[in-house]
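The block underneath contains the structure these notes are about, expressed in structure tokens.
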Amino acid sequence: MRLAVFTNQFPSRVSTFFARDVRGLLDQGIDVDVFPLYPLDASLWKYVPAALNERVLPRDHVHHVSLRACARLGSGNQFARLGRFALDATAITTASLHGGPSRTAKSVYAALKGWAWAQRCSGRYDHVLAYWGNYTATSAYVFHRLTDARVPFSMIVHARIDLYQTPVFLAQKMLYADNIFLVCEFNRDYLERKFPRVFPRLAAKIHIHHLGLDLREAHFSSAPRPPARVLAVGRFEELKGFHILLRAVDALAKRGITAEVELVGGGDWEGSLRALTADLGLAKQVKFRGWLPPDQVLDAMRRATVLVHPSVTLDAMPTVIKEALAVGTPVIASDVAGIPEILAGGRCGVLVPPGNIGALADAIAALLADPAGQRAYARAGREHAERVFDLERNAQRFAEQLRSTRRRNGASGAAPPVLDP
């Protein structure tokens, strides 16, 4: 099978789960080409896991395209596609207007990228997969309709950026798709609540696809841990709740409990987090480590006493929590979205109410004081990761579903109606 995979940015600093999924498909004998919406930033290749190095995925299988290429009309049957593209672009733009100028501009950008790729890569693929449901899927949708609408079209819908925030053209893309892969059961319930009118037409083509881990790479470590090292990993933004963690550590300090904190990542909130650290007098306890390559993130987890993921709002299935389970680091995380599924309802880690500083401080204090509990969570977490998040097993199921799919909408590839959620 030749598979066209559309994603938002590749390479990127947070491409680990995408890279693992692509590697899993390659290992299942699927020939993959990647189409990233963002322009190429070559400095980010170093953050791509070694499992997807250029020997595994040759860089000529990653197709960046400039906006200048979008102006090329081509000739012959390529030019004849212009009418279909104009109709689709109009529908996409109309559906995006309720999201404001920014979402409209991004939708037009995505559609133009789909047009440009269709001029270059027509007729090459047996299946088109949109790895995100937002602008990535918009570009994949345009590409699919301009190339070969007889081949299957599938999409993965993840979390905040493509589902929980204002979705753009999402109902139409899901109606058009042959498969809708969701990363957790919470998202199935969310779709039913968010799209009640169309959900009955979507239900039969929804599948749960757990983003997998290479459990050899994320190997378990039973080595002794420091007595009180708290690790948090992710993009520095409000929803991740790292400010809640800092305030919880301050609350512990007031009780006479000193915890060492490592923050791995970066983002727009870094300045605010550094300022809060200084204001709370925690400069000697908190270390900002910046973005790290994937193998160094796993090493940081193996040297931590506990990983804390204090999301304050919907955060579907954070990869860092799965990785911590796999390497044997106990987890404390917010009881939101798909996180309880990762932690098996609290059997593999501690769940706390989101945004509750006191509850988070209590949970950290209790786990730091309980080495036996740490070991029990470590064992339970690894066992759960092996049952649910094994990359090889999940990739095999994923590949089988893609291979067995036949186009539901027929050879015509009829466009869905323009509608609101």
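Ordering of the structure tokens sets the chain letters (A, B, ...); residue numbers start at 1 within each chain; ligands are numbered from 1 in the order shown.
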Which residues are near A:Gly29? Cut-off 12 Å, only C-alpha atoms, ignore same chain within fewer than 5 positions. Put them as a PyMOL selection string.
chain A and resi 1-3+22-24+56+395-396+399-400+403
Fewer than 2 positions away in the same chain doesn't count, so skip those; otherwise give me all residues within 12 Å of A:Pro371, counting only C-alpha atoms, as a ChimeraX atom specification.
/A:224-228,305-306,329-330,365-369,373-378
Contacts between stretch 187-193 of chain A and stretch 300-366 of chain A, please, where a residue of stretch 300-366 of chain A counts if it comes within 12 Å (with only C-alpha atoms); show its shortest atom pair and distance in Å to one decimal, rows by chain and ascending number, as CSV.
```
residue,atom,partner,partner_atom,distance
A:Leu314,CA,A:Asn187,CA,10.4
A:Asp315,CA,A:Asn187,CA,10.5
A:Ala316,CA,A:Asn187,CA,7.7
A:Met317,CA,A:Asn187,CA,10.0
A:Val336,CA,A:Asn187,CA,11.5
A:Ala337,CA,A:Asn187,CA,7.8
A:Gly338,CA,A:Asn187,CA,7.7
A:Ile339,CA,A:Asn187,CA,11.5
A:Glu341,CA,A:Asn187,CA,11.3
```
Atomic distance atom CA of A:Tyr141 - atom CA of A:Glu54, expressed in Å with one decimal
27.5 Å
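Residues with any atom within 8 Å of A:Thr136, counting only C-alpha atoms and excluding same-chain neighbours fewer than 5 positions away, are Phe6, Thr7, Asn8, Pro36, Leu37, Ala110, Ala130 and Tyr131 of chain A.
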Keeping N, CA and C atoms for every residue in the selection just given, could you write it to a file as a PDB file, in the first residue's frame?
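Output file again_21.pdb is given in full below:
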```
ATOM      1  N   PHE A   6      -0.899  13.234   5.817  1.00  0.00           N
ATOM      2  CA  PHE A   6      -0.854  14.683   5.982  1.00  0.00           C
ATOM      3  C   PHE A   6      -0.758  15.011   7.476  1.00  0.00           C
ATOM      4  N   THR A   7       0.160  15.914   7.818  1.00  0.00           N
ATOM      5  CA  THR A   7       0.308  16.316   9.212  1.00  0.00           C
ATOM      6  C   THR A   7       0.521  17.823   9.280  1.00  0.00           C
ATOM      7  N   ASN A   8       0.566  18.354  10.525  1.00  0.00           N
ATOM      8  CA  ASN A   8       0.697  19.809  10.644  1.00  0.00           C
ATOM      9  C   ASN A   8       2.150  20.265  10.482  1.00  0.00           C
ATOM     10  N   PRO A  36       3.663  17.784   5.206  1.00  0.00           N
ATOM     11  CA  PRO A  36       3.506  18.700   6.343  1.00  0.00           C
ATOM     12  C   PRO A  36       3.033  20.083   5.889  1.00  0.00           C
ATOM     13  N   LEU A  37       2.056  20.633   6.614  1.00  0.00           N
ATOM     14  CA  LEU A  37       1.546  21.962   6.277  1.00  0.00           C
ATOM     15  C   LEU A  37       2.572  23.062   6.530  1.00  0.00           C
ATOM     16  N   ALA A 110      -4.493  26.052   3.948  1.00  0.00           N
ATOM     17  CA  ALA A 110      -4.497  24.589   3.889  1.00  0.00           C
ATOM     18  C   ALA A 110      -5.054  24.093   2.554  1.00  0.00           C
ATOM     19  N   ALA A 130      -5.303  11.784   6.920  1.00  0.00           N
ATOM     20  CA  ALA A 130      -5.060  13.059   7.599  1.00  0.00           C
ATOM     21  C   ALA A 130      -4.766  12.747   9.060  1.00  0.00           C
ATOM     22  N   TYR A 131      -3.574  13.139   9.533  1.00  0.00           N
ATOM     23  CA  TYR A 131      -3.173  12.766  10.880  1.00  0.00           C
ATOM     24  C   TYR A 131      -3.797  13.651  11.950  1.00  0.00           C
TER      25      TYR A 131
END
```
Please list as an NGL selection string every residue within 8 Å of stretch 279-293 of chain A, counting only C-alpha atoms and excluding residues in the same chain fewer than 5 positions away.
:A and (13 or 46-49 or 247 or 250 or 258-266)
Nearest to A:Gly271: which of A:Leu298, A:Arg68, A:Ala251, A:Glu237 is it, counting only C-alpha atoms?
A:Glu237
